[in-house]
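Since the structure comes first, as structure tokens, the remarks are kept for the end.
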Amino acid sequence: MYGHKLRLMTKVSPEFSDEVPVVWSVSADVSFKSNQFPKYKLGPDNHVLEEIKEDIKGPTLKEVVVQETNQLKEQHERLSVRDLASKFDKNLAAAAKLSDEAKLREVASLDGHVLLKKLRDALEYLRGQLAGQNKEDVEKAISMVEALAVKLTQKEGELIQEKFEVKKLVNFLKQASEDAKKLVNQEKSFACAEIESARAVVQRIGEALEEQERNQSSGKQQELEGLIEEVQEARRIKVKHLPIKVTEMEHELRELRLQIREKCIVSVKLQNELQMSRKTENNSNQLYELGGSQSLGSILRIQSCSNEAAELAKCSVQWYRLSSQCSRREPILGANKCVYAPEPIDVGRVLQVDIVSNDQKINLTTDGPIDKAVNLEGYVETLLRKPNNDFNVVISQMNERNYSSQSVHLFHVGKTRIKLSRGWITKARESYSKSMQLCGFRGGGNSAAKSLFWQARKGQSFVVVFESENERNGALILARKYASDCNVLLAGPDDDALL
């Protein structure tokens, strides 16, 4: 039909080609999207069914705006202030370009409306001149032109909306660009201030380092001079003290040591003689004296040294321990015989004994603190290295009664308990507890230095005799050490304060 319309226009054109051309006025609100005549398909009653889509190169203005906005949102946090400002400038230029294109499209749309108006007026003129089938064709062409005008008006409205959005985006981008430039200038001023501050700090640090280097160089120079002087002094000393002189000095020192040792021996002999003479003078006036070595592992005995002295069997005896300052003394419970064997608790303490006879009280005191036993420390270290320690003993008393059997028993000192047994028969076996007591035997006798008193629990006690004094004292120290590890103080009657 479109081709038929063109043929009709060709036929009628010679009829009015010689006439004066008529210029029709165009409405001011007419706008055109493009400068080409659009293509349509007409259905029944000349209705426009479908617009043939033309290949439009590039996205629409709305798509470009949406795409650029999304990119700005995605990159906003990743861009620096300077990059953001540059991006705003680019988008502003793009928006201005799109605005120019919209103006061109507006002009083209206006041209399209002018062409449609001219075409409609021409078709109206032809309809008045023609009749019959040709007139119907002209009327169809007029209806098609009117439909195209309506479509063009719709497109114009969309273009006006897009133009408004472009203007809004341009204003937004302009404001954002100005804000970005302000931020850039502000950050630039801040950066310049920081750079100047950093330069000042670097300069001060450099000056401080230079001053420190100068001080260090002067200090090193002084230290080097001091070292040189020390080396020179050492060389002078080395020259003075030749190997021969050093050997001579060593011989002199050896001779001096020998002389000092000989004089010490003589001094000790003189002190011993002086003490013996003092003892002799004191004994001439005293009735009793203490005999025996005053050390651990020995026996102290009260001896009569005058014919006027009363018999010791008729006297009352009590042994005491003196404190380190000798300011107070503590009675040794059970030590009321003429014989007393010191135990490890007595080492380093002064012992004293009171002898009461016929309302007369005589007091005897050791010459000094009780000394340690020879080789006892090494023996105890050997015992501590063993997991279990068994000692051969003979039971002397059981429950404060003499024990007639002289068979050998095993006295076992463990880390958690003490056991007394013979073969598979167990006499007593008790763990360390507060009711247990262990100390040297205080009842006298020739074997007191080898005897030990053990109260396993209340109502069960033993007096055992070891094979040697070292075994008895080592067993005491070992048992007290293991009991202390179990938070138990193991001692004799009323001896807890000493531990």
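Ordered as shown in the structure tokens, chains take letters A, B, and onward, while each chain numbers its residues from 1 and ligands are numbered from 1 in the order shown.
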- Query: Could you write out, as a ChimeraX atom specification, all the residues of range 198-433 of chain A that DSSP marks as strand (DSSP E or B)?
  - Reply: /A:288-291,295,300-304,316-322,329-331,339-340,347,350-357,360-365,370-371,389-398,401-402,408-413,417-422,425-431
Keeping only C-alpha atoms, write those residues as a short mmCIF file (atom, residue, chain, number, x, y, z; two decimals), in the first residue's frame.
```cif
data_model
loop_
_atom_site.label_atom_id
_atom_site.label_comp_id
_atom_site.auth_asym_id
_atom_site.auth_seq_id
_atom_site.Cartn_x
_atom_site.Cartn_y
_atom_site.Cartn_z
CA TYR A 288 80.89 -33.60 138.72
CA GLU A 289 82.00 -33.16 135.13
CA LEU A 290 80.77 -34.09 131.61
CA GLY A 291 82.76 -36.76 129.83
CA SER A 295 79.51 -34.30 118.90
CA LEU A 300 77.75 -37.64 127.14
CA ARG A 301 78.27 -39.05 130.67
CA ILE A 302 78.11 -37.39 134.08
CA GLN A 303 81.26 -38.36 135.98
CA SER A 304 82.15 -37.82 139.60
CA SER A 316 67.92 -36.49 140.29
CA VAL A 317 69.11 -35.69 136.76
CA GLN A 318 67.47 -33.61 133.96
CA TRP A 319 68.99 -32.70 130.59
CA TYR A 320 68.18 -29.42 128.75
CA ARG A 321 68.73 -27.82 125.37
CA LEU A 322 69.78 -24.18 125.30
CA ARG A 329 66.50 -23.66 127.98
CA GLU A 330 64.05 -26.41 127.08
CA PRO A 331 63.83 -29.68 129.00
CA VAL A 339 73.95 -40.82 130.08
CA TYR A 340 72.59 -38.91 127.09
CA VAL A 347 73.44 -30.25 116.47
CA VAL A 350 74.38 -26.19 123.76
CA LEU A 351 73.34 -28.96 126.19
CA GLN A 352 73.00 -28.55 129.92
CA VAL A 353 72.25 -30.93 132.78
CA ASP A 354 71.00 -30.30 136.33
CA ILE A 355 72.06 -32.62 139.14
CA VAL A 356 70.04 -32.32 142.36
CA SER A 357 71.31 -34.07 145.52
CA GLN A 360 71.99 -29.10 146.35
CA LYS A 361 71.71 -28.25 142.65
CA ILE A 362 74.72 -28.57 140.36
CA ASN A 363 74.65 -27.35 136.76
CA LEU A 364 76.93 -28.70 134.01
CA THR A 365 77.14 -27.28 130.46
CA ILE A 370 77.17 -30.05 119.57
CA ASP A 371 79.22 -30.69 116.41
CA ASN A 389 65.96 -48.05 102.84
CA ASP A 390 66.05 -51.03 105.22
CA PHE A 391 68.15 -51.18 108.39
CA ASN A 392 69.00 -54.20 110.54
CA VAL A 393 67.87 -53.58 114.13
CA VAL A 394 67.31 -55.42 117.37
CA ILE A 395 64.25 -54.63 119.48
CA SER A 396 65.31 -53.53 122.96
CA GLN A 397 61.92 -52.49 124.36
CA MET A 398 58.32 -52.82 123.20
CA ARG A 401 58.93 -53.24 128.50
CA ASN A 402 62.18 -55.07 127.88
CA VAL A 408 67.30 -59.22 113.89
CA HIS A 409 64.42 -57.21 112.45
CA LEU A 410 64.14 -54.90 109.44
CA PHE A 411 63.40 -51.26 110.11
CA HIS A 412 62.00 -49.93 106.79
CA VAL A 413 61.97 -46.15 106.19
CA ARG A 417 55.42 -44.92 105.99
CA ILE A 418 57.68 -46.79 108.44
CA LYS A 419 57.53 -50.55 108.92
CA LEU A 420 59.14 -52.91 111.46
CA SER A 421 59.14 -56.58 110.48
CA ARG A 422 60.96 -59.89 110.74
CA ILE A 425 55.84 -61.13 110.20
CA THR A 426 55.10 -57.44 110.55
CA LYS A 427 55.41 -55.94 114.01
CA ALA A 428 54.17 -52.48 113.05
CA ARG A 429 53.44 -50.54 109.87
CA GLU A 430 52.18 -46.98 109.98
CA SER A 431 52.03 -44.00 107.63
#
```
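A straight line drawn from CA of Pro342 in chain A to CA of Thr416 in chain A is 26.1 Å long.
When only C-alpha atoms are used to measure the gap to Tyr482 in chain A, the shortest distance among A:Asn388, A:Asn70, A:Gln175, A:Asn399 belongs to A:Asn388.
We find CA of Lys182 in chain A and CA of Glu68 in chain A to be spaced 22.5 Å apart.
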- Message: For the helix (DSSP H, G or I) assignment from backbone DSSP, which residues of range 257-380 of chain A qualify? Please present them as a ChimeraX atom specification.
- Response: /A:257-285,312-314,344-346,376-380
With N, CA and C atoms retained, export the selected residues as a short mmCIF file (atom, residue, chain, number, x, y, z; two decimals), in the first residue's frame.
```cif
data_model
loop_
_atom_site.label_atom_id
_atom_site.label_comp_id
_atom_site.auth_asym_id
_atom_site.auth_seq_id
_atom_site.Cartn_x
_atom_site.Cartn_y
_atom_site.Cartn_z
N ARG A 257 102.43 -19.67 103.61
CA ARG A 257 101.30 -20.52 103.95
C ARG A 257 101.72 -21.62 104.92
N LEU A 258 102.88 -22.21 104.69
CA LEU A 258 103.36 -23.25 105.60
C LEU A 258 103.59 -22.69 107.00
N GLN A 259 104.17 -21.51 107.06
CA GLN A 259 104.40 -20.90 108.36
C GLN A 259 103.09 -20.59 109.08
N ILE A 260 102.12 -20.06 108.31
CA ILE A 260 100.84 -19.76 108.93
C ILE A 260 100.18 -21.03 109.45
N ARG A 261 100.27 -22.14 108.68
CA ARG A 261 99.68 -23.40 109.12
C ARG A 261 100.34 -23.90 110.40
N GLU A 262 101.66 -23.85 110.45
CA GLU A 262 102.37 -24.29 111.66
C GLU A 262 101.97 -23.45 112.87
N LYS A 263 101.85 -22.12 112.63
CA LYS A 263 101.46 -21.27 113.75
C LYS A 263 100.02 -21.54 114.18
N CYS A 264 99.16 -21.87 113.23
CA CYS A 264 97.78 -22.22 113.60
C CYS A 264 97.75 -23.49 114.44
N ILE A 265 98.56 -24.47 114.06
CA ILE A 265 98.61 -25.72 114.84
C ILE A 265 99.08 -25.45 116.26
N VAL A 266 100.12 -24.62 116.35
CA VAL A 266 100.64 -24.28 117.67
C VAL A 266 99.58 -23.54 118.48
N SER A 267 98.83 -22.63 117.79
CA SER A 267 97.79 -21.87 118.48
C SER A 267 96.69 -22.79 118.99
N VAL A 268 96.30 -23.78 118.18
CA VAL A 268 95.26 -24.71 118.62
C VAL A 268 95.73 -25.52 119.81
N LYS A 269 96.99 -25.97 119.77
CA LYS A 269 97.53 -26.73 120.91
C LYS A 269 97.52 -25.89 122.18
N LEU A 270 97.93 -24.62 122.03
CA LEU A 270 97.95 -23.76 123.20
C LEU A 270 96.53 -23.54 123.73
N GLN A 271 95.55 -23.36 122.84
CA GLN A 271 94.17 -23.17 123.29
C GLN A 271 93.65 -24.41 124.01
N ASN A 272 93.99 -25.60 123.46
CA ASN A 272 93.55 -26.83 124.12
C ASN A 272 94.19 -26.98 125.50
N GLU A 273 95.47 -26.66 125.60
CA GLU A 273 96.14 -26.74 126.91
C GLU A 273 95.53 -25.74 127.88
N LEU A 274 95.20 -24.53 127.36
CA LEU A 274 94.59 -23.53 128.22
C LEU A 274 93.23 -24.02 128.72
N GLN A 275 92.41 -24.62 127.82
CA GLN A 275 91.12 -25.14 128.25
C GLN A 275 91.27 -26.25 129.26
N MET A 276 92.27 -27.14 129.05
CA MET A 276 92.48 -28.24 130.00
C MET A 276 92.88 -27.70 131.36
N SER A 277 93.72 -26.69 131.35
CA SER A 277 94.14 -26.12 132.63
C SER A 277 92.95 -25.45 133.33
N ARG A 278 92.08 -24.77 132.56
CA ARG A 278 90.90 -24.15 133.16
C ARG A 278 89.95 -25.21 133.72
N LYS A 279 89.82 -26.31 132.95
CA LYS A 279 88.97 -27.40 133.43
C LYS A 279 89.51 -27.98 134.73
N THR A 280 90.83 -28.14 134.76
CA THR A 280 91.43 -28.71 135.97
C THR A 280 91.18 -27.81 137.18
N GLU A 281 91.30 -26.50 136.95
CA GLU A 281 91.04 -25.57 138.05
C GLU A 281 89.57 -25.62 138.47
N ASN A 282 88.65 -25.70 137.46
CA ASN A 282 87.23 -25.75 137.81
C ASN A 282 86.86 -27.06 138.47
N ASN A 283 87.45 -28.16 137.96
CA ASN A 283 87.12 -29.47 138.53
C ASN A 283 87.60 -29.63 139.97
N SER A 284 88.62 -28.85 140.29
CA SER A 284 89.10 -28.95 141.68
C SER A 284 88.05 -28.44 142.66
N ASN A 285 87.15 -27.55 142.13
CA ASN A 285 86.10 -27.02 142.98
C ASN A 285 84.74 -27.68 142.73
N LEU A 312 75.57 -40.95 141.98
CA LEU A 312 74.65 -40.47 140.95
C LEU A 312 73.33 -41.22 140.98
N ALA A 313 73.35 -42.47 141.46
CA ALA A 313 72.10 -43.24 141.52
C ALA A 313 71.11 -42.63 142.50
N LYS A 314 71.63 -41.86 143.47
CA LYS A 314 70.77 -41.24 144.46
C LYS A 314 70.40 -39.80 144.09
N PRO A 344 70.26 -35.69 115.91
CA PRO A 344 70.43 -34.60 114.93
C PRO A 344 69.80 -33.28 115.33
N ILE A 345 68.72 -33.28 116.12
CA ILE A 345 68.12 -32.01 116.55
C ILE A 345 69.07 -31.21 117.43
N ASP A 346 69.96 -31.89 118.16
CA ASP A 346 70.85 -31.21 119.10
C ASP A 346 72.04 -30.55 118.43
N LEU A 376 78.56 -37.97 107.99
CA LEU A 376 77.12 -38.25 108.05
C LEU A 376 76.38 -37.66 106.86
N GLU A 377 76.78 -36.49 106.38
CA GLU A 377 76.08 -35.87 105.26
C GLU A 377 76.19 -36.71 104.00
N GLY A 378 77.38 -37.23 103.69
CA GLY A 378 77.54 -38.09 102.53
C GLY A 378 76.72 -39.37 102.64
N TYR A 379 76.65 -39.91 103.86
CA TYR A 379 75.87 -41.13 104.07
C TYR A 379 74.37 -40.86 103.85
N VAL A 380 73.88 -39.72 104.31
CA VAL A 380 72.47 -39.37 104.11
C VAL A 380 72.17 -39.15 102.63
#
```
